[in-house]
>>> print(open('work_6.txt').read())   # compact mmCIF, C-alpha atoms
# COMPACT_ATOMS: atom_id res chain seq x y z
CA MET A 14 23.26 -19.35 3.69
CA LYS A 15 20.76 -22.16 4.31
CA ASP A 16 17.59 -22.24 2.24
CA VAL A 17 15.62 -19.11 3.01
CA ARG A 18 12.04 -19.78 4.05
CA VAL A 19 9.99 -16.95 5.53
CA ARG A 20 6.34 -16.60 6.45
CA PHE A 21 3.61 -14.05 6.95
CA ALA A 22 1.14 -15.31 9.54
CA PRO A 23 -1.90 -13.05 9.90
CA SER A 24 -4.89 -13.63 12.15
CA PRO A 25 -8.09 -13.45 10.07
CA THR A 26 -9.81 -11.13 12.55
CA GLY A 27 -9.79 -8.06 10.30
CA ALA A 28 -8.69 -6.72 6.92
CA LEU A 29 -5.03 -6.45 5.88
CA HIS A 30 -3.84 -3.25 7.56
CA ILE A 31 -0.75 -1.17 6.86
CA GLY A 32 1.37 -2.85 9.54
CA GLY A 33 0.49 -6.32 8.29
CA GLY A 34 1.05 -5.33 4.67
CA HIS A 35 4.45 -3.91 5.62
CA THR A 36 5.47 -7.13 7.40
CA ALA A 37 4.27 -9.30 4.51
CA LEU A 38 6.14 -7.14 2.02
CA PHE A 39 9.48 -7.35 3.86
CA ASN A 40 9.15 -11.13 4.13
CA TRP A 41 8.35 -11.31 0.41
CA LEU A 42 11.32 -9.11 -0.46
CA TRP A 43 13.75 -11.24 1.53
CA ALA A 44 12.43 -14.46 -0.01
CA ARG A 45 12.66 -13.07 -3.53
CA HIS A 46 16.09 -11.51 -2.91
CA CYS A 47 17.48 -14.85 -1.71
CA GLY A 48 15.62 -17.09 -4.14
CA GLY A 49 13.75 -18.58 -1.20
CA LYS A 50 10.14 -19.39 -0.34
CA PHE A 51 7.42 -17.11 1.01
CA ILE A 52 4.75 -18.92 3.04
CA LEU A 53 1.31 -17.65 4.00
CA ARG A 54 0.13 -19.21 7.26
CA ILE A 55 -3.26 -18.41 8.75
CA GLU A 56 -3.25 -18.10 12.56
CA ASP A 57 -6.94 -18.64 13.22
CA THR A 58 -6.94 -20.01 16.78
CA ASP A 59 -9.13 -17.10 17.92
CA LEU A 60 -12.26 -18.99 16.98
CA VAL A 61 -14.63 -16.21 18.07
CA ARG A 62 -13.14 -13.43 15.95
CA SER A 63 -11.60 -15.34 13.02
CA THR A 64 -13.68 -15.54 9.84
CA LYS A 65 -13.28 -17.00 6.38
CA GLU A 66 -14.29 -13.60 4.95
CA TYR A 67 -11.39 -11.85 6.68
CA GLU A 68 -9.02 -14.59 5.50
CA GLU A 69 -10.11 -13.98 1.91
CA THR A 70 -9.85 -10.20 2.37
CA ILE A 71 -6.27 -10.54 3.63
CA MET A 72 -5.34 -12.74 0.67
CA SER A 73 -6.98 -10.29 -1.75
CA GLY A 74 -5.05 -7.41 -0.19
CA MET A 75 -1.76 -9.29 -0.58
CA LYS A 76 -2.55 -10.15 -4.19
CA TRP A 77 -3.39 -6.49 -4.86
CA LEU A 78 0.07 -5.56 -3.54
CA GLY A 79 1.62 -8.24 -5.77
CA LEU A 80 2.81 -10.41 -2.87
CA GLU A 81 2.20 -13.87 -4.27
CA TRP A 82 3.07 -16.75 -1.93
CA ASP A 83 4.71 -20.11 -2.65
CA GLU A 84 2.89 -22.19 -0.03
CA GLY A 85 -0.36 -21.60 1.81
CA SER A 86 -3.77 -22.88 2.81
CA ASP A 87 -5.20 -22.15 -0.64
CA ILE A 88 -2.40 -23.62 -2.76
CA GLY A 89 -0.92 -26.24 -0.43
CA GLY A 90 2.74 -27.18 -0.03
CA ASN A 91 4.97 -29.78 1.60
CA TYR A 92 4.63 -28.48 5.16
CA GLY A 93 0.89 -28.03 5.69
CA PRO A 94 -1.72 -27.72 6.93
CA TYR A 95 -1.17 -23.96 6.72
CA ARG A 96 -4.16 -23.02 8.86
CA GLN A 97 -3.59 -23.34 12.62
CA SER A 98 -7.11 -24.58 13.33
CA GLU A 99 -6.19 -27.66 11.26
CA ARG A 100 -3.00 -28.31 13.29
CA LEU A 101 -4.45 -28.76 16.78
CA GLU A 102 -3.38 -32.41 17.07
CA ILE A 103 0.20 -31.42 16.24
CA TYR A 104 0.25 -28.83 19.05
CA ARG A 105 -1.24 -31.32 21.50
CA ASP A 106 1.36 -33.99 20.65
CA TYR A 107 4.33 -31.70 21.28
CA ALA A 108 2.78 -30.34 24.47
CA GLU A 109 2.38 -33.91 25.74
CA LYS A 110 6.03 -34.54 24.90
CA LEU A 111 7.05 -31.52 27.01
CA VAL A 112 4.93 -32.83 29.89
CA LYS A 113 6.50 -36.29 29.54
CA ASP A 114 9.99 -34.75 29.57
CA GLY A 115 9.18 -32.82 32.74
CA LYS A 116 9.38 -29.45 31.00
CA ALA A 117 5.68 -28.66 31.26
CA TYR A 118 2.84 -29.56 33.60
CA ARG A 119 -0.92 -29.80 33.62
CA ASP A 120 -3.13 -27.32 35.40
CA GLY A 121 -6.61 -28.66 34.92
CA GLU A 122 -7.26 -28.80 31.17
CA ALA A 123 -4.38 -26.36 30.48
CA ILE A 124 -0.71 -27.22 29.89
CA ILE A 125 1.92 -24.87 31.31
CA PHE A 126 5.58 -24.62 30.26
CA LYS A 127 8.05 -24.36 33.15
CA VAL A 128 10.45 -21.40 33.09
CA GLU A 129 13.61 -22.29 34.99
CA PRO A 130 15.72 -19.54 36.64
CA GLY A 131 19.21 -18.54 35.52
CA GLN A 132 18.83 -19.24 31.81
CA ASP A 133 20.51 -16.91 29.34
CA ILE A 134 17.97 -16.36 26.56
CA SER A 135 19.80 -13.56 24.79
CA PHE A 136 19.61 -13.42 21.01
CA LYS A 137 21.04 -11.44 18.12
CA ASP A 138 18.44 -9.64 16.07
CA ILE A 139 19.39 -8.80 12.46
CA VAL A 140 17.88 -5.32 12.83
CA TYR A 141 18.15 -4.48 16.54
CA GLY A 142 21.47 -6.22 17.26
CA GLN A 143 22.28 -8.06 20.48
CA ILE A 144 19.36 -8.29 22.92
CA ASP A 145 20.37 -9.63 26.32
CA VAL A 146 17.71 -11.38 28.40
CA MET A 147 17.82 -13.78 31.35
CA SER A 148 14.91 -16.07 32.15
CA ASP A 149 14.75 -14.41 35.58
CA GLY A 150 13.41 -11.35 33.78
CA LEU A 151 10.19 -13.27 33.01
CA LYS A 152 8.68 -12.60 36.41
CA GLU A 153 5.15 -12.29 37.69
CA LYS A 154 4.10 -8.68 38.12
CA ASP A 155 5.04 -7.38 41.60
CA SER A 156 6.70 -10.70 42.42
CA ASP A 157 10.06 -12.48 42.36
CA LYS A 158 8.37 -15.61 41.06
CA LEU A 159 9.15 -16.62 37.49
CA LYS A 160 6.12 -16.61 35.23
CA ASP A 161 5.54 -19.95 33.55
CA ILE A 162 4.14 -19.92 30.02
CA VAL A 163 0.70 -21.26 29.16
CA ILE A 164 1.10 -23.31 25.96
CA ILE A 165 -2.30 -25.04 25.73
CA LYS A 166 -5.30 -23.17 27.14
CA SER A 167 -8.09 -24.89 29.04
CA ASP A 168 -10.23 -24.82 25.87
CA GLY A 169 -7.60 -26.92 24.10
CA MET A 170 -6.32 -24.10 21.86
CA PRO A 171 -2.58 -23.32 21.70
CA THR A 172 -1.26 -19.93 22.74
CA TYR A 173 0.58 -17.70 20.27
CA ASN A 174 4.06 -18.12 21.76
CA TYR A 175 3.78 -21.89 21.66
CA ALA A 176 2.03 -22.45 18.31
CA VAL A 177 4.36 -20.10 16.46
CA VAL A 178 7.40 -22.15 17.56
CA ILE A 179 5.87 -25.46 16.50
CA ASP A 180 4.76 -24.05 13.14
CA ASP A 181 7.97 -22.18 12.34
CA TYR A 182 10.12 -25.23 13.11
CA LEU A 183 7.99 -27.76 11.25
CA MET A 184 7.65 -25.42 8.26
CA LYS A 185 11.45 -25.00 8.26
CA ILE A 186 11.27 -21.20 8.63
CA SER A 187 14.82 -19.83 8.44
CA HIS A 188 14.09 -16.16 9.25
CA VAL A 189 11.30 -14.85 11.46
CA ILE A 190 10.62 -11.33 10.16
CA ARG A 191 7.92 -9.50 12.11
CA GLY A 192 7.04 -6.25 13.89
CA GLU A 193 9.17 -4.96 16.75
CA ASP A 194 6.24 -5.40 19.15
CA HIS A 195 7.16 -9.11 19.09
CA ILE A 196 10.69 -8.61 20.51
CA SER A 197 9.35 -9.27 24.02
CA ASN A 198 7.87 -12.60 22.84
CA THR A 199 11.12 -13.88 21.36
CA PRO A 200 12.85 -14.98 24.65
CA LYS A 201 9.80 -17.05 25.61
CA GLN A 202 9.83 -18.70 22.22
CA ILE A 203 13.57 -19.42 22.45
CA LEU A 204 12.94 -21.30 25.72
CA ILE A 205 10.40 -23.55 23.95
CA TYR A 206 12.75 -24.13 20.99
CA ARG A 207 15.48 -25.25 23.40
CA ALA A 208 13.15 -27.45 25.44
CA LEU A 209 12.24 -29.33 22.26
CA GLY A 210 15.90 -29.56 21.17
CA TRP A 211 15.32 -27.47 18.06
CA GLU A 212 17.55 -24.99 16.26
CA VAL A 213 16.43 -21.40 16.73
CA PRO A 214 15.75 -19.42 13.50
CA GLU A 215 17.18 -15.99 12.82
CA PHE A 216 15.08 -13.06 13.98
CA ALA A 217 14.60 -9.68 12.31
CA HIS A 218 12.15 -7.29 13.94
CA LEU A 219 10.83 -4.45 11.83
CA PRO A 220 10.48 -0.84 12.98
CA MET A 221 7.18 0.50 14.20
CA ILE A 222 5.19 2.67 11.80
CA LEU A 223 4.13 6.03 13.24
CA GLY A 224 1.83 8.76 12.05
CA ARG A 225 3.17 12.27 11.46
CA ASP A 226 2.41 13.08 15.09
CA LYS A 227 4.95 10.35 16.01
CA LYS A 228 2.22 8.23 17.58
CA LYS A 229 1.51 4.63 16.60
CA LEU A 230 -0.37 4.47 13.30
CA SER A 231 -4.10 4.11 13.84
CA LYS A 232 -7.39 5.00 12.19
CA ARG A 233 -7.13 8.57 13.43
CA HIS A 234 -4.27 9.03 10.91
CA GLY A 235 -6.57 8.14 8.03
CA ALA A 236 -7.11 4.87 6.21
CA THR A 237 -5.43 1.82 7.71
CA SER A 238 -6.72 -1.03 5.54
CA ILE A 239 -4.81 -1.70 2.32
CA TYR A 240 -8.10 -1.76 0.42
CA GLU A 241 -8.98 1.74 1.61
CA TYR A 242 -5.94 3.03 -0.26
CA ARG A 243 -7.01 1.14 -3.37
CA ASP A 244 -10.43 2.78 -3.16
CA MET A 245 -8.80 6.21 -2.72
CA GLY A 246 -7.06 5.81 -6.09
CA TYR A 247 -3.59 4.66 -5.07
CA MET A 248 -1.84 2.13 -7.27
CA PRO A 249 -0.56 -1.24 -6.02
CA ASP A 250 2.87 -0.49 -7.51
CA SER A 251 3.16 2.80 -5.64
CA MET A 252 1.79 1.34 -2.39
CA PHE A 253 4.40 -1.44 -2.65
CA ASN A 254 7.10 1.15 -3.37
CA PHE A 255 6.04 3.35 -0.44
CA LEU A 256 5.76 0.51 2.10
CA ALA A 257 9.20 -0.79 1.09
CA LEU A 258 10.69 2.58 2.04
CA LEU A 259 9.24 2.45 5.58
CA GLY A 260 12.34 1.36 7.46
CA TRP A 261 14.53 0.50 4.47
CA SER A 262 16.42 2.42 1.84
CA ALA A 263 17.24 1.30 -1.69
CA GLY A 264 20.41 3.42 -1.56
CA ASP A 265 21.72 6.28 -3.71
CA ASP A 266 18.62 8.34 -2.82
CA LYS A 267 16.59 6.02 -5.06
CA GLU A 268 12.92 6.44 -4.22
CA ILE A 269 11.00 5.15 -7.24
CA PHE A 270 11.34 1.47 -8.13
CA ASP A 271 9.33 -1.60 -9.10
CA ARG A 272 9.06 -4.95 -7.32
CA LEU A 273 11.92 -6.62 -9.20
CA GLU A 274 14.29 -3.71 -8.52
CA ALA A 275 13.34 -3.72 -4.83
CA ALA A 276 13.87 -7.48 -4.49
CA LYS A 277 17.28 -7.21 -6.15
CA LEU A 278 18.41 -4.40 -3.84
CA PHE A 279 16.81 -5.57 -0.59
CA GLU A 280 19.01 -6.50 2.38
CA LEU A 281 17.73 -7.18 5.90
CA SER A 282 20.96 -5.70 7.25
CA ARG A 283 19.89 -2.32 5.83
CA VAL A 284 16.55 -2.25 7.64
CA THR A 285 16.66 0.52 10.23
CA LYS A 286 15.41 0.14 13.80
CA LYS A 287 14.30 3.76 13.85
CA ALA A 288 10.50 4.07 13.74
CA ALA A 289 9.20 4.85 10.25
CA VAL A 290 6.78 7.73 9.65
CA PHE A 291 3.79 7.23 7.37
CA ASP A 292 4.01 10.41 5.30
CA PHE A 293 1.03 10.98 2.99
CA ASP A 294 2.94 13.62 1.00
CA LYS A 295 5.60 11.04 0.16
CA LEU A 296 2.99 8.43 -0.73
CA ASN A 297 1.27 10.96 -3.01
CA HIS A 298 4.57 11.83 -4.71
CA ILE A 299 5.42 8.17 -5.28
CA ASN A 300 1.93 7.44 -6.59
CA GLN A 301 2.14 10.38 -8.97
CA GLU A 302 5.47 9.16 -10.37
CA HIS A 303 4.06 5.66 -10.93
CA LEU A 304 0.94 7.10 -12.59
CA LYS A 305 3.16 8.99 -15.04
CA ARG A 306 4.99 5.80 -16.02
CA LEU A 307 1.87 3.77 -16.81
CA ASP A 308 0.89 2.66 -20.28
CA PRO A 309 -1.89 5.11 -21.35
CA MET A 310 -4.53 2.39 -21.59
CA VAL A 311 -3.59 0.92 -18.20
CA ARG A 312 -3.80 4.42 -16.70
CA LEU A 313 -7.24 4.86 -18.25
CA SER A 314 -8.44 1.54 -16.79
CA MET A 315 -7.60 2.89 -13.32
CA ILE A 316 -9.23 6.29 -13.82
CA LYS A 317 -12.40 5.47 -15.77
CA PRO A 318 -14.14 3.82 -12.76
CA PHE A 319 -13.97 7.14 -10.90
CA TRP A 320 -15.66 8.94 -13.83
CA ILE A 321 -18.37 6.27 -13.85
CA GLU A 322 -18.77 6.65 -10.08
CA ALA A 323 -19.24 10.41 -10.62
CA GLY A 324 -22.00 9.70 -13.12
CA LEU A 325 -20.14 11.03 -16.16
CA PRO A 326 -21.15 9.76 -19.63
CA VAL A 327 -17.96 7.84 -20.46
CA ASP A 328 -19.54 6.12 -23.46
CA GLU A 329 -19.59 9.36 -25.46
CA HIS A 330 -15.92 8.99 -26.49
CA ASP A 331 -13.63 6.09 -27.33
CA ASP A 332 -10.77 4.88 -25.13
CA LYS A 333 -8.06 6.34 -27.37
CA TYR A 334 -9.50 9.83 -26.87
CA TYR A 335 -9.53 9.38 -23.09
CA ALA A 336 -6.04 7.86 -23.04
CA ASP A 337 -4.75 10.84 -25.05
CA ALA A 338 -6.50 13.22 -22.65
CA LEU A 339 -4.84 11.61 -19.63
CA THR A 340 -1.46 11.68 -21.37
CA LEU A 341 -1.98 15.38 -22.00
CA MET A 342 -2.69 15.82 -18.26
CA GLY A 343 0.93 14.85 -17.61
CA GLY A 344 1.69 14.69 -13.89
CA ARG A 345 -1.49 16.45 -12.75
CA GLY A 346 -3.20 14.48 -10.02
CA GLN A 347 -1.42 12.42 -7.39
CA THR A 348 -3.98 9.61 -7.29
CA ALA A 349 -6.21 8.04 -9.92
CA LYS A 350 -9.19 9.60 -8.19
CA GLU A 351 -7.61 13.05 -8.21
CA MET A 352 -6.58 12.74 -11.86
CA ALA A 353 -10.14 11.71 -12.72
CA GLU A 354 -11.43 14.86 -11.02
CA PHE A 355 -8.87 17.09 -12.75
CA ALA A 356 -9.71 15.63 -16.19
CA ASP A 357 -13.50 15.44 -15.94
CA TYR A 358 -13.98 18.22 -18.53
CA PHE A 359 -12.65 15.87 -21.23
CA VAL A 360 -15.60 13.56 -20.51
CA SER A 361 -18.41 16.07 -20.28
CA PHE A 362 -19.26 19.80 -20.26
CA GLU A 363 -21.54 19.37 -17.22
CA PRO A 364 -18.81 19.65 -14.54
CA VAL A 365 -17.50 22.81 -16.27
CA LYS A 366 -20.89 24.52 -16.03
CA LYS A 367 -21.06 23.72 -12.32
CA ARG A 368 -17.65 25.28 -11.67
CA TRP A 369 -17.66 28.54 -13.60
CA THR A 370 -20.03 31.48 -13.75
CA PRO A 371 -18.44 34.30 -15.79
CA GLU A 372 -18.28 37.67 -14.03
CA ASN A 373 -16.69 41.05 -14.78
CA LEU A 374 -15.58 40.06 -18.28
CA ASP A 375 -15.06 42.48 -21.16
CA THR A 376 -17.41 40.45 -23.31
CA GLU A 377 -16.95 42.53 -26.47
CA LYS A 378 -13.15 42.15 -26.45
CA LEU A 379 -13.46 38.44 -25.78
CA LYS A 380 -15.95 37.99 -28.60
CA GLU A 381 -13.42 39.50 -31.02
CA PHE A 382 -10.76 37.13 -29.68
CA PHE A 383 -12.93 34.04 -29.91
CA ALA A 384 -14.11 35.02 -33.40
CA ALA A 385 -10.48 35.14 -34.51
CA ILE A 386 -9.74 31.74 -32.90
CA PHE A 387 -12.73 29.99 -34.39
CA ALA A 388 -12.03 31.46 -37.82
CA SER A 389 -8.93 29.28 -37.98
CA PRO A 390 -9.12 26.83 -40.87
CA GLU A 391 -6.83 24.47 -38.98
CA TRP A 392 -7.76 23.29 -35.46
CA LYS A 393 -4.25 22.51 -34.20
CA ALA A 394 -2.72 23.77 -30.97
CA GLU A 395 0.24 25.46 -32.66
CA LYS A 396 -2.00 27.30 -35.12
CA LEU A 397 -4.47 28.38 -32.42
CA GLU A 398 -1.68 29.73 -30.24
CA GLU A 399 -0.18 31.58 -33.21
CA ILE A 400 -3.56 33.26 -33.92
CA ALA A 401 -3.95 34.14 -30.23
CA ARG A 402 -0.49 35.71 -30.02
CA ASP A 403 -1.06 37.72 -33.21
CA PHE A 404 -4.39 38.96 -31.83
CA VAL A 405 -2.90 39.98 -28.47
CA GLY A 406 0.14 41.54 -30.11
CA SER A 407 -2.05 43.75 -32.28
CA ARG A 408 -3.81 45.31 -29.27
CA GLU A 409 -1.95 47.84 -27.21
CA GLY A 410 -1.55 46.88 -23.56
CA ALA A 411 -3.20 43.50 -24.07
CA LYS A 412 -1.84 40.44 -22.23
CA MET A 413 -2.20 36.84 -23.26
CA LYS A 414 -3.54 35.78 -19.84
CA ASP A 415 -6.47 38.20 -20.19
CA TYR A 416 -7.71 36.11 -23.12
CA ALA A 417 -6.29 32.66 -22.43
CA MET A 418 -7.72 32.48 -18.92
CA PRO A 419 -11.36 33.01 -19.98
CA LEU A 420 -10.79 30.39 -22.68
CA ARG A 421 -9.45 28.01 -20.05
CA PHE A 422 -12.45 28.64 -17.79
CA ALA A 423 -14.93 28.21 -20.65
CA LEU A 424 -13.42 24.89 -21.73
CA THR A 425 -12.40 23.36 -18.39
CA GLY A 426 -13.89 25.36 -15.52
CA MET A 427 -10.40 25.17 -13.97
CA LYS A 428 -7.80 27.77 -13.06
CA VAL A 429 -5.07 25.30 -13.98
CA SER A 430 -4.94 22.86 -16.88
CA PRO A 431 -2.49 21.58 -19.50
CA GLY A 432 -1.75 24.03 -22.30
CA ILE A 433 -5.19 25.38 -23.17
CA PHE A 434 -4.59 25.23 -26.91
CA GLU A 435 -3.62 21.54 -26.60
CA VAL A 436 -6.82 21.01 -24.61
CA ALA A 437 -8.83 22.81 -27.31
CA GLU A 438 -7.30 20.66 -30.06
CA LEU A 439 -8.18 17.44 -28.24
CA LEU A 440 -11.72 18.55 -27.37
CA GLY A 441 -12.26 19.42 -31.02
CA LYS A 442 -13.56 22.60 -32.67
CA GLU A 443 -17.23 21.67 -32.46
CA GLU A 444 -17.16 20.94 -28.72
CA CYS A 445 -15.11 24.05 -27.96
CA GLU A 446 -17.52 26.19 -29.95
CA ARG A 447 -20.45 24.72 -28.03
CA ARG A 448 -18.85 25.56 -24.69
CA VAL A 449 -17.83 29.10 -25.60
CA LYS A 450 -21.27 29.85 -27.06
CA PHE A 451 -22.90 28.60 -23.86
CA TYR A 452 -21.23 31.51 -22.06
CA GLY A 453 -22.21 34.01 -24.75
CA LEU A 454 -18.59 34.64 -25.74
CA LEU A 455 -18.98 33.88 -29.43
>>> encode(input="work_6.txt", output="structure tokens")
Amino acid sequence: MKDVRVRFAPSPTGALHIGGGHTALFNWLWARHCGGKFILRIEDTDLVRSTKEYEETIMSGMKWLGLEWDEGSDIGGNYGPYRQSERLEIYRDYAEKLVKDGKAYRDGEAIIFKVEPGQDISFKDIVYGQIDVMSDGLKEKDSDKLKDIVIIKSDGMPTYNYAVVIDDYLMKISHVIRGEDHISNTPKQILIYRALGWEVPEFAHLPMILGRDKKKLSKRHGATSIYEYRDMGYMPDSMFNFLALLGWSAGDDKEIFDRLEAAKLFELSRVTKKAAVFDFDKLNHINQEHLKRLDPMVRLSMIKPFWIEAGLPVDEHDDKYYADALTLMGGRGQTAKEMAEFADYFVSFEPVKKRWTPENLDTEKLKEFFAAIFASPEWKAEKLEEIARDFVGSREGAKMKDYAMPLRFALTGMKVSPGIFEVAELLGKEECERRVKFYGLL
């Protein structure tokens, strides 16, 4: 295989969306799998809508996903400039060559590429297989006339189908990996490659991403910008993992992996042409699995901002206490934001008070129970549970849940939590006593 060089070429007219992130990721995977180069090229010829801010947002989104590039407008390389607005003279020179060779013509300030009839412009796509096209298929709407291709517009800017050929050839791109909506552009581009006497790269078009309703992914399906998922508490590792599975399988029913594992296993030949469905349940499951695997302090660094955002007094405890609390939470919470909400009672008693108002409790029985618990000389989960079981066992018809559940509510305000005696141990005897007394149960 020749040297693998692939590119992601976004237009800086908006943030990095899911489709763009997916395309960038598959290019990155192929480059890393083959030991090749991943190039970031900025296609900013839409001067009205392109902005430097969007360019920086796209780069930030890629860095968040862990998709570092080997060449680009910010770091340079041997085949720059990597921003199309800085390559206008290059496009003009090759357009003039096509005019000189009789393969294009002027129409006012514009330059138009001639499409000749009877040309076979079929190509083999790595994902979609053989795609047969004749140039005669490129006809004007409601006409038998072949549609010539504008390559330089009257304002002097190159069109997409022309600029992409010039850039991909001069940047020595070996594989053009992009969304399947570009399949219809490929025959036009092949004509331009041939007219310039250039070798055509390999093409691999990626499946469309659909929402659960099987319609093209859009804002109505929820967040579409990569950064929106970051702000919702999803991890870059899990977002990478999830996007990699949209249209590709790691094999052996393997669903959870890191970037290095994915790059090692990735093969373009195993990308499916069937549309991929963006399934939030699957994303949540993957994110939850990655959250579980994190180093406790790294996990805390992701969750603490959500406590701060909620106005909780995070400075009242040290990081080790919080890290231990989140470890105790186990797999509860599918996002960092959700885990922060589920574990807020470790930070402060205030959220507990807002959630629980005791009703219909046998206060006298509970007072006896809590008196026995707080009489324990040792504030360890095993000891507290032993005292609780002895207490319940000594009362006819009593059930553990009748006592443990009010304790859970008093300490957490939640119906579900980790083992309540483990929670009590971590909160500490003094804090637990304060909470139970607040409800008049001790």
>>> closest_residue(input="work_6.txt", among="A:Phe383, A:Trp43, A:Tyr416, A:Tyr67", to="Ser24 (chain A)", atoms="only C-alpha atoms")
A:Tyr67
>>> closest_residue(input="work_6.txt", among="A:Ala108, A:Ile103, A:Met221, A:Ile165", to="Gly121 (chain A)", atoms="only C-alpha atoms")
A:Ile165
>>> residues_near_point(input="work_6.txt", point="(19.2, 3.6, 2.6)", cutoff="12 Å", atoms="only C-alpha atoms", output="MDAnalysis selection string")
chainID A and resid 257:268 275 278:285
>>> residues_around(input="work_6.txt", residues="region 395-401 of chain A", least_positions_apart="2", cutoff="12 Å", atoms="all atoms listed in the file", output="JSON, numbers by chain")
{"A": [379, 381, 382, 383, 384, 385, 386, 387, 388, 389, 390, 391, 392, 393, 403, 404, 405, 406, 407, 408, 411, 412, 413, 414, 415, 416, 417, 420, 432, 433, 434, 435, 436, 437, 438, 441, 442]}
>>> residues_around(input="work_6.txt", residues="Ala336 (chain A)", least_positions_apart="4", cutoff="6 Å", atoms="all atoms listed in the file", output="PyMOL selection string")
chain A and resi 309-310+313+332
>>> atom_distance(input="work_6.txt", atom1="CA of Cys445 (chain A)", atom2="CA of Lys378 (chain A)")
18.3 Å
>>> atom_distance(input="work_6.txt", atom1="CA of Gly48 (chain A)", atom2="CA of Gly79 (chain A)")
16.6 Å
>>> decode(input="work_6.txt", residues="region 442-454 of chain A", atoms="N, CA, C and O atoms", output="CSV table (one decimal), in the first residue's frame")
chain,number,residue,atom,x,y,z
A,442,LYS,N,-20.1,9.9,61.4
A,442,LYS,CA,-21.2,9.8,62.4
A,442,LYS,C,-21.8,11.2,62.7
A,442,LYS,O,-23.0,11.3,62.8
A,443,GLU,N,-20.9,12.2,62.8
A,443,GLU,CA,-21.4,13.5,63.2
A,443,GLU,C,-22.4,14.0,62.1
A,443,GLU,O,-23.5,14.6,62.5
A,444,GLU,N,-22.1,13.9,60.8
A,444,GLU,CA,-22.9,14.4,59.8
A,444,GLU,C,-24.2,13.6,59.7
A,444,GLU,O,-25.3,14.2,59.6
A,445,CYS,N,-24.1,12.3,59.9
A,445,CYS,CA,-25.3,11.4,59.9
A,445,CYS,C,-26.3,11.8,61.0
A,445,CYS,O,-27.5,11.9,60.9
A,446,GLU,N,-25.7,12.1,62.2
A,446,GLU,CA,-26.5,12.4,63.4
A,446,GLU,C,-27.2,13.7,63.1
A,446,GLU,O,-28.4,13.9,63.5
A,447,ARG,N,-26.5,14.7,62.5
A,447,ARG,CA,-27.1,16.0,62.2
A,447,ARG,C,-28.3,15.8,61.3
A,447,ARG,O,-29.3,16.4,61.5
A,448,ARG,N,-28.2,15.0,60.3
A,448,ARG,CA,-29.3,14.8,59.3
A,448,ARG,C,-30.5,14.1,60.0
A,448,ARG,O,-31.6,14.5,59.8
A,449,VAL,N,-30.2,13.0,60.7
A,449,VAL,CA,-31.3,12.3,61.3
A,449,VAL,C,-32.0,13.2,62.4
A,449,VAL,O,-33.2,13.2,62.5
A,450,LYS,N,-31.3,14.0,63.1
A,450,LYS,CA,-31.9,14.8,64.1
A,450,LYS,C,-32.7,15.9,63.5
A,450,LYS,O,-33.8,16.3,64.0
A,451,PHE,N,-32.3,16.4,62.3
A,451,PHE,CA,-33.1,17.4,61.6
A,451,PHE,C,-34.5,16.9,61.3
A,451,PHE,O,-35.5,17.7,61.4
A,452,TYR,N,-34.7,15.6,61.1
A,452,TYR,CA,-36.0,15.0,60.9
A,452,TYR,C,-36.7,14.6,62.1
A,452,TYR,O,-37.7,13.9,62.1
A,453,GLY,N,-36.1,14.8,63.3
A,453,GLY,CA,-36.7,14.4,64.6
A,453,GLY,C,-36.7,12.9,64.8
A,453,GLY,O,-37.6,12.4,65.5
A,454,LEU,N,-35.8,12.2,64.2
A,454,LEU,CA,-35.8,10.8,64.3
A,454,LEU,C,-34.7,10.3,65.3
A,454,LEU,O,-34.5,9.1,65.4
